[in-house]
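Asks: Below is start_13.cif; it holds mmCIF, N, CA and C atoms.
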data_model
loop_
_atom_site.label_atom_id
_atom_site.label_comp_id
_atom_site.auth_asym_id
_atom_site.auth_seq_id
_atom_site.Cartn_x
_atom_site.Cartn_y
_atom_site.Cartn_z
N MET A 1 67.99 114.91 76.20
CA MET A 1 67.29 116.11 75.75
C MET A 1 66.75 115.84 74.35
N ILE A 2 65.48 116.07 74.20
CA ILE A 2 64.84 115.91 72.90
C ILE A 2 64.48 117.29 72.36
N ILE A 3 64.90 117.55 71.14
CA ILE A 3 64.57 118.80 70.47
C ILE A 3 63.73 118.45 69.26
N ASN A 4 62.58 119.08 69.16
CA ASN A 4 61.68 118.86 68.03
C ASN A 4 61.63 120.13 67.18
N LEU A 5 61.86 119.99 65.91
CA LEU A 5 61.70 121.10 64.98
C LEU A 5 60.49 120.78 64.13
N ILE A 6 59.43 121.55 64.31
CA ILE A 6 58.17 121.31 63.60
C ILE A 6 57.93 122.51 62.70
N CYS A 7 57.98 122.28 61.41
CA CYS A 7 57.86 123.43 60.51
C CYS A 7 56.98 123.13 59.32
N VAL A 8 56.37 124.21 58.82
CA VAL A 8 55.56 124.14 57.62
C VAL A 8 56.49 124.44 56.46
N GLY A 9 56.50 123.55 55.52
CA GLY A 9 57.34 123.75 54.34
C GLY A 9 57.85 122.43 53.80
N SER A 10 58.58 122.52 52.72
CA SER A 10 59.07 121.31 52.07
C SER A 10 60.27 120.73 52.81
N LYS A 11 60.49 119.45 52.58
CA LYS A 11 61.64 118.77 53.17
C LYS A 11 62.91 119.33 52.54
N PRO A 12 64.02 119.29 53.28
CA PRO A 12 65.27 119.83 52.73
C PRO A 12 65.79 119.00 51.56
N ASN A 13 66.49 119.68 50.66
CA ASN A 13 67.11 118.97 49.54
C ASN A 13 68.38 118.26 50.03
N ALA A 14 69.08 117.60 49.15
CA ALA A 14 70.24 116.77 49.53
C ALA A 14 71.34 117.59 50.22
N SER A 15 71.67 118.75 49.70
CA SER A 15 72.75 119.54 50.32
C SER A 15 72.31 120.10 51.67
N GLU A 16 71.05 120.47 51.79
CA GLU A 16 70.53 120.96 53.08
C GLU A 16 70.53 119.83 54.11
N THR A 17 70.14 118.64 53.68
CA THR A 17 70.14 117.47 54.57
C THR A 17 71.56 117.17 55.04
N GLU A 18 72.51 117.29 54.15
CA GLU A 18 73.92 117.08 54.49
C GLU A 18 74.37 118.08 55.57
N SER A 19 73.97 119.33 55.41
CA SER A 19 74.33 120.36 56.40
C SER A 19 73.65 120.08 57.74
N ILE A 20 72.40 119.69 57.71
CA ILE A 20 71.67 119.36 58.94
C ILE A 20 72.37 118.22 59.67
N GLU A 21 72.74 117.19 58.93
CA GLU A 21 73.42 116.04 59.53
C GLU A 21 74.76 116.46 60.14
N TYR A 22 75.48 117.33 59.44
CA TYR A 22 76.77 117.80 59.94
C TYR A 22 76.60 118.49 61.30
N TYR A 23 75.62 119.40 61.37
CA TYR A 23 75.44 120.16 62.61
C TYR A 23 74.82 119.33 63.73
N THR A 24 73.93 118.42 63.41
CA THR A 24 73.35 117.61 64.48
C THR A 24 74.39 116.67 65.08
N LYS A 25 75.40 116.30 64.30
CA LYS A 25 76.49 115.47 64.85
C LYS A 25 77.34 116.25 65.84
N GLN A 26 77.28 117.57 65.80
CA GLN A 26 78.05 118.42 66.70
C GLN A 26 77.40 118.50 68.09
N LEU A 27 76.15 118.10 68.18
CA LEU A 27 75.43 118.17 69.45
C LEU A 27 75.91 117.07 70.40
N PRO A 28 75.73 117.29 71.69
CA PRO A 28 76.10 116.24 72.66
C PRO A 28 75.34 114.95 72.37
N LYS A 29 75.95 113.83 72.75
CA LYS A 29 75.37 112.51 72.46
C LYS A 29 74.00 112.30 73.09
N ASN A 30 73.71 113.01 74.18
CA ASN A 30 72.42 112.83 74.84
C ASN A 30 71.31 113.69 74.22
N PHE A 31 71.59 114.30 73.09
CA PHE A 31 70.60 115.10 72.37
C PHE A 31 70.00 114.27 71.24
N SER A 32 68.70 114.37 71.11
CA SER A 32 68.00 113.74 70.00
C SER A 32 67.22 114.84 69.31
N VAL A 33 67.39 114.95 68.00
CA VAL A 33 66.69 116.00 67.25
C VAL A 33 65.72 115.34 66.29
N ASN A 34 64.45 115.72 66.41
CA ASN A 34 63.40 115.21 65.53
C ASN A 34 62.93 116.33 64.61
N PHE A 35 62.89 116.04 63.33
CA PHE A 35 62.43 117.01 62.34
C PHE A 35 61.07 116.56 61.81
N THR A 36 60.11 117.47 61.85
CA THR A 36 58.78 117.21 61.28
C THR A 36 58.48 118.31 60.29
N TYR A 37 58.31 117.92 59.03
CA TYR A 37 58.00 118.87 57.97
C TYR A 37 56.54 118.70 57.58
N LEU A 38 55.77 119.75 57.73
CA LEU A 38 54.34 119.71 57.43
C LEU A 38 54.09 120.41 56.10
N LYS A 39 53.31 119.79 55.27
CA LYS A 39 53.01 120.34 53.95
C LYS A 39 52.27 121.67 54.08
N SER A 40 52.70 122.63 53.30
CA SER A 40 52.04 123.93 53.28
C SER A 40 50.61 123.79 52.76
N SER A 41 49.75 124.62 53.28
CA SER A 41 48.34 124.61 52.86
C SER A 41 48.07 125.65 51.79
N SER A 42 49.12 126.26 51.25
CA SER A 42 48.94 127.30 50.24
C SER A 42 48.14 126.76 49.05
N SER A 43 47.16 127.52 48.66
CA SER A 43 46.29 127.15 47.55
C SER A 43 45.61 128.40 47.04
N PRO A 44 45.48 128.52 45.73
CA PRO A 44 44.77 129.69 45.20
C PRO A 44 43.30 129.73 45.62
N LYS A 45 42.80 128.57 46.09
CA LYS A 45 41.39 128.50 46.51
C LYS A 45 41.18 129.03 47.93
N LEU A 46 42.26 129.18 48.68
CA LEU A 46 42.16 129.62 50.08
C LEU A 46 42.69 131.04 50.25
N SER A 47 42.08 131.79 51.16
CA SER A 47 42.58 133.12 51.48
C SER A 47 43.82 132.97 52.38
N LYS A 48 44.56 134.04 52.49
CA LYS A 48 45.74 134.05 53.36
C LYS A 48 45.35 133.67 54.79
N LYS A 49 44.25 134.23 55.26
CA LYS A 49 43.76 133.96 56.62
C LYS A 49 43.42 132.49 56.80
N GLU A 50 42.79 131.90 55.79
CA GLU A 50 42.43 130.47 55.85
C GLU A 50 43.68 129.59 55.88
N ILE A 51 44.68 129.96 55.09
CA ILE A 51 45.94 129.21 55.04
C ILE A 51 46.62 129.26 56.41
N ILE A 52 46.71 130.45 56.99
CA ILE A 52 47.35 130.62 58.30
C ILE A 52 46.62 129.78 59.35
N LYS A 53 45.29 129.84 59.34
CA LYS A 53 44.50 129.09 60.32
C LYS A 53 44.72 127.59 60.17
N LYS A 54 44.70 127.11 58.96
CA LYS A 54 44.87 125.67 58.69
C LYS A 54 46.27 125.20 59.09
N GLU A 55 47.29 125.95 58.69
CA GLU A 55 48.66 125.55 59.01
C GLU A 55 48.92 125.64 60.52
N SER A 56 48.34 126.63 61.17
CA SER A 56 48.51 126.78 62.61
C SER A 56 47.91 125.60 63.37
N ALA A 57 46.76 125.15 62.94
CA ALA A 57 46.12 124.00 63.58
C ALA A 57 46.98 122.76 63.44
N ILE A 58 47.56 122.57 62.27
CA ILE A 58 48.43 121.42 62.04
C ILE A 58 49.68 121.51 62.93
N LEU A 59 50.25 122.69 63.03
CA LEU A 59 51.42 122.89 63.90
C LEU A 59 51.09 122.55 65.35
N LEU A 60 50.00 123.08 65.84
CA LEU A 60 49.61 122.84 67.24
C LEU A 60 49.38 121.35 67.52
N ASN A 61 48.83 120.65 66.55
CA ASN A 61 48.60 119.22 66.73
C ASN A 61 49.90 118.42 66.73
N GLY A 62 50.96 119.00 66.19
CA GLY A 62 52.24 118.28 66.11
C GLY A 62 53.12 118.43 67.34
N ILE A 63 52.70 119.22 68.31
CA ILE A 63 53.53 119.46 69.50
C ILE A 63 53.43 118.28 70.46
N PRO A 64 54.56 117.68 70.80
CA PRO A 64 54.53 116.58 71.79
C PRO A 64 54.10 117.10 73.17
N ARG A 65 53.46 116.24 73.94
CA ARG A 65 53.01 116.60 75.30
C ARG A 65 54.21 117.01 76.16
N ASN A 66 53.95 117.91 77.08
CA ASN A 66 54.93 118.36 78.06
C ASN A 66 56.20 118.95 77.45
N SER A 67 56.07 119.48 76.29
CA SER A 67 57.21 120.10 75.61
C SER A 67 57.22 121.60 75.87
N TYR A 68 58.40 122.16 76.04
CA TYR A 68 58.56 123.61 76.13
C TYR A 68 58.51 124.12 74.70
N VAL A 69 57.59 125.01 74.39
CA VAL A 69 57.35 125.43 73.01
C VAL A 69 57.92 126.82 72.74
N ILE A 70 58.76 126.87 71.71
CA ILE A 70 59.32 128.14 71.25
C ILE A 70 58.90 128.33 69.80
N SER A 71 58.15 129.39 69.55
CA SER A 71 57.73 129.71 68.18
C SER A 71 58.67 130.77 67.62
N TRP A 72 58.95 130.64 66.35
CA TRP A 72 59.77 131.63 65.65
C TRP A 72 58.85 132.50 64.81
N ASP A 73 58.86 133.80 65.09
CA ASP A 73 57.97 134.74 64.43
C ASP A 73 58.67 136.09 64.31
N SER A 74 58.43 136.78 63.22
CA SER A 74 59.09 138.08 63.01
C SER A 74 58.76 139.08 64.10
N GLU A 75 57.63 138.90 64.79
CA GLU A 75 57.24 139.80 65.87
C GLU A 75 57.74 139.34 67.24
N GLY A 76 58.47 138.24 67.26
CA GLY A 76 58.96 137.70 68.52
C GLY A 76 60.12 138.51 69.09
N LYS A 77 60.56 138.08 70.25
CA LYS A 77 61.67 138.75 70.94
C LYS A 77 63.00 138.35 70.29
N GLN A 78 63.83 139.34 70.03
CA GLN A 78 65.16 139.04 69.51
C GLN A 78 66.12 138.87 70.68
N VAL A 79 66.90 137.80 70.63
CA VAL A 79 67.87 137.54 71.69
C VAL A 79 69.24 137.34 71.06
N SER A 80 70.26 137.59 71.85
CA SER A 80 71.63 137.40 71.37
C SER A 80 71.96 135.91 71.39
N SER A 81 73.05 135.55 70.77
CA SER A 81 73.51 134.16 70.79
C SER A 81 73.79 133.70 72.21
N VAL A 82 74.35 134.57 73.02
CA VAL A 82 74.65 134.24 74.41
C VAL A 82 73.36 133.99 75.18
N ASP A 83 72.38 134.87 75.01
CA ASP A 83 71.09 134.70 75.69
C ASP A 83 70.39 133.41 75.24
N PHE A 84 70.48 133.11 73.96
CA PHE A 84 69.86 131.89 73.45
C PHE A 84 70.57 130.65 74.04
N ALA A 85 71.89 130.70 74.09
CA ALA A 85 72.65 129.59 74.68
C ALA A 85 72.28 129.41 76.16
N ASN A 86 72.12 130.50 76.88
CA ASN A 86 71.72 130.41 78.29
C ASN A 86 70.31 129.83 78.44
N LEU A 87 69.42 130.21 77.55
CA LEU A 87 68.07 129.65 77.56
C LEU A 87 68.13 128.14 77.33
N MET A 88 68.93 127.72 76.37
CA MET A 88 69.06 126.29 76.08
C MET A 88 69.65 125.55 77.29
N LYS A 89 70.65 126.12 77.93
CA LYS A 89 71.25 125.49 79.12
C LYS A 89 70.19 125.32 80.22
N GLN A 90 69.40 126.36 80.40
CA GLN A 90 68.34 126.32 81.42
C GLN A 90 67.33 125.22 81.11
N LYS A 91 66.92 125.10 79.87
CA LYS A 91 65.93 124.09 79.48
C LYS A 91 66.53 122.69 79.56
N ILE A 92 67.80 122.54 79.27
CA ILE A 92 68.46 121.24 79.37
C ILE A 92 68.43 120.75 80.81
N GLN A 93 68.61 121.66 81.75
CA GLN A 93 68.60 121.30 83.17
C GLN A 93 67.23 120.82 83.63
N THR A 94 66.17 121.30 82.98
CA THR A 94 64.82 120.86 83.36
C THR A 94 64.49 119.49 82.77
N LYS A 95 65.33 119.04 81.85
CA LYS A 95 65.15 117.76 81.16
C LYS A 95 63.81 117.67 80.43
N LYS A 96 63.28 118.81 80.08
CA LYS A 96 62.03 118.88 79.34
C LYS A 96 62.37 118.96 77.85
N SER A 97 61.58 118.33 77.01
CA SER A 97 61.84 118.46 75.58
C SER A 97 61.50 119.88 75.13
N ILE A 98 62.14 120.28 74.05
CA ILE A 98 61.89 121.61 73.49
C ILE A 98 61.36 121.42 72.08
N SER A 99 60.29 122.11 71.77
CA SER A 99 59.74 122.08 70.41
C SER A 99 59.81 123.47 69.82
N PHE A 100 60.48 123.57 68.68
CA PHE A 100 60.57 124.82 67.94
C PHE A 100 59.54 124.77 66.83
N LEU A 101 58.71 125.80 66.73
CA LEU A 101 57.69 125.88 65.69
C LEU A 101 58.08 126.94 64.67
N VAL A 102 58.01 126.57 63.40
CA VAL A 102 58.28 127.51 62.31
C VAL A 102 57.06 127.47 61.40
N GLY A 103 56.38 128.59 61.30
CA GLY A 103 55.17 128.66 60.49
C GLY A 103 55.47 128.72 59.01
N GLY A 104 54.42 128.71 58.22
CA GLY A 104 54.55 128.83 56.78
C GLY A 104 54.91 130.26 56.38
N SER A 105 54.91 130.52 55.11
CA SER A 105 55.34 131.82 54.61
C SER A 105 54.45 132.98 55.07
N HIS A 106 53.23 132.66 55.50
CA HIS A 106 52.32 133.70 56.00
C HIS A 106 52.33 133.82 57.52
N GLY A 107 53.12 132.99 58.18
CA GLY A 107 53.18 133.03 59.64
C GLY A 107 52.14 132.12 60.27
N PHE A 108 51.78 132.41 61.52
CA PHE A 108 50.76 131.62 62.17
C PHE A 108 49.85 132.49 63.02
N THR A 109 48.80 131.87 63.55
CA THR A 109 47.77 132.61 64.29
C THR A 109 48.28 133.06 65.66
N ASN A 110 47.55 134.00 66.24
CA ASN A 110 47.86 134.42 67.61
C ASN A 110 47.69 133.26 68.59
N GLU A 111 46.83 132.32 68.26
CA GLU A 111 46.64 131.15 69.12
C GLU A 111 47.96 130.39 69.30
N VAL A 112 48.71 130.24 68.22
CA VAL A 112 50.01 129.56 68.30
C VAL A 112 50.93 130.34 69.22
N LYS A 113 50.96 131.65 69.05
CA LYS A 113 51.82 132.49 69.88
C LYS A 113 51.42 132.40 71.35
N HIS A 114 50.12 132.41 71.64
CA HIS A 114 49.64 132.34 73.02
C HIS A 114 49.91 130.98 73.66
N LYS A 115 49.88 129.93 72.86
CA LYS A 115 50.13 128.58 73.39
C LYS A 115 51.62 128.27 73.48
N SER A 116 52.45 129.16 72.97
CA SER A 116 53.90 128.99 73.05
C SER A 116 54.39 129.51 74.39
N ASP A 117 55.42 128.87 74.91
CA ASP A 117 56.04 129.36 76.13
C ASP A 117 56.89 130.59 75.86
N MET A 118 57.36 130.69 74.62
CA MET A 118 58.20 131.82 74.24
C MET A 118 58.07 132.02 72.72
N VAL A 119 58.10 133.28 72.30
CA VAL A 119 58.08 133.60 70.87
C VAL A 119 59.35 134.40 70.59
N LEU A 120 60.18 133.86 69.70
CA LEU A 120 61.44 134.50 69.37
C LEU A 120 61.48 134.90 67.90
N SER A 121 62.35 135.85 67.60
CA SER A 121 62.58 136.27 66.23
C SER A 121 64.06 136.10 65.93
N ALA A 122 64.36 135.45 64.83
CA ALA A 122 65.76 135.29 64.43
C ALA A 122 66.29 136.56 63.78
N SER A 123 65.37 137.35 63.23
CA SER A 123 65.77 138.56 62.54
C SER A 123 64.52 139.33 62.13
N LEU A 124 64.69 140.59 61.83
CA LEU A 124 63.59 141.36 61.27
C LEU A 124 63.44 141.05 59.79
N LEU A 125 64.45 140.41 59.20
CA LEU A 125 64.40 140.01 57.81
C LEU A 125 63.56 138.75 57.65
N THR A 126 63.01 138.56 56.46
CA THR A 126 62.29 137.33 56.16
C THR A 126 63.20 136.45 55.33
N PHE A 127 63.34 135.18 55.74
CA PHE A 127 64.20 134.24 55.04
C PHE A 127 63.37 133.15 54.39
N PRO A 128 63.91 132.51 53.36
CA PRO A 128 63.19 131.37 52.77
C PRO A 128 63.00 130.29 53.83
N HIS A 129 61.92 129.56 53.74
CA HIS A 129 61.62 128.50 54.70
C HIS A 129 62.33 127.22 54.28
N LYS A 130 63.62 127.21 54.37
CA LYS A 130 64.45 126.04 54.04
C LYS A 130 65.37 125.77 55.18
#
Written as structure tokens, how would this file's structure read?
Replies:
Amino acid sequence: MIINLICVGSKPNASETESIEYYTKQLPKNFSVNFTYLKSSSSPKLSKKEIIKKESAILLNGIPRNSYVISWDSEGKQVSSVDFANLMKQKIQTKKSISFLVGGSHGFTNEVKHKSDMVLSASLLTFPHK
């Protein structure tokens, strides 16, 4: 099972990397997790809409072929931990890779949401992109 995390934002710092390594070691041996960090397009020269469009295009280009795509968005569906675990079990059985998309601080376009197989929300709260 290949899991791809494709996100707009800076690479994790040393303590965050340590935490990521700790948790990825907890996964079954047949799991491979790929992290792709895409530089934010934020610029005082660009409008919010232009930034979202640019970052969304970069995200879409980073999705591996034949991957089940789950986007994380504040407007997405909220699921319980049990429901999320069941979703993961179901996808593991299909042996299809899963790509999680995390947009920049302004989110992403409707095109990203439409091209996603599922759009989820971790919370109604907004968290730092770390």
Asks: Write down as a list in words the residues belonging to region 15-101 of chain A that are assigned strand (DSSP E or B) by DSSP computed on the backbone.
Replies: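 Checking each residue of region 15-101 of chain A, the strand (DSSP E or B) ones are Ser32, Val33, Asn34, Phe35, Thr36, Tyr37, Leu38, Tyr68, Val69, Ile70, Ser71, Trp72, Asp73, Ser74, Glu75, Gly76, Lys77, Gln78, Ile98, Ser99, Phe100 and Leu101 of chain A.
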Asks: Counting only C-alpha atoms, note down every residue that has an atom within 10 Å of the point (60.1, 124.3, 55.2) (file coordinates), as number ranges by chain.
Replies: A: 6-12, 36-40, 102-105, 128-130
Asks: As number ranges by chain, which residues of region 46-112 of chain A does DSSP assign to alpha helix (DSSP H)?
Replies: A: 48-61, 81-94, 110-112
Asks: Show me, as an MDAnalysis selection string, the residues that have an atom within 10 Å of Tyr68 (chain A) when counting only C-alpha atoms, minus same-chain residues fewer than 3 positions from it.
Replies: chainID A and resid 3:4 63:65 91 94 96:100 116:118
Asks: Please indicate the distance in Å from CA of Ile92 (chain A) to CA of Tyr23 (chain A), rounded to one decimal place.
Replies: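 Here the two named atoms are 18.2 Å from each other.
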Asks: Any idea what the distance is between atom C of Asn34 (chain A) and CA of Glu16 (chain A)?
Replies: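 About the pair atom C of Asn34 (chain A) and CA of Glu16 (chain A): they are 14.6 Å apart.
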Asks: Could you tell me how far atom N of Asn110 (chain A) lies from CA of Ser43 (chain A), in Å and to one decimal?
Replies: 19.9 Å
Asks: Hey, which of A:Lys49, A:Val112, A:Glu18, A:Pro28 ends up closest to Ser71 (chain A)? Count all atoms listed in the file.
Replies: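 Answer, going by the shortest atom-to-atom distance: A:Val112.
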Asks: For Leu101 (chain A), which residue among A:Glu21, A:Ser47, A:Trp72, A:Lys54 is the nearest when counting only N, CA and C atoms?
Replies: A:Trp72
Asks: Please enumerate the residues selected by the PyMOL selection byres ((chain A and resi 121) around 6) when evaluated against the supplied file, formatted as a list in words.
Replies: Trp72, Asp73, Ser74, Glu75, Gly76, Lys77, Gln78, Val79, Val119, Leu120, Ala122 and Ser123 of chain A
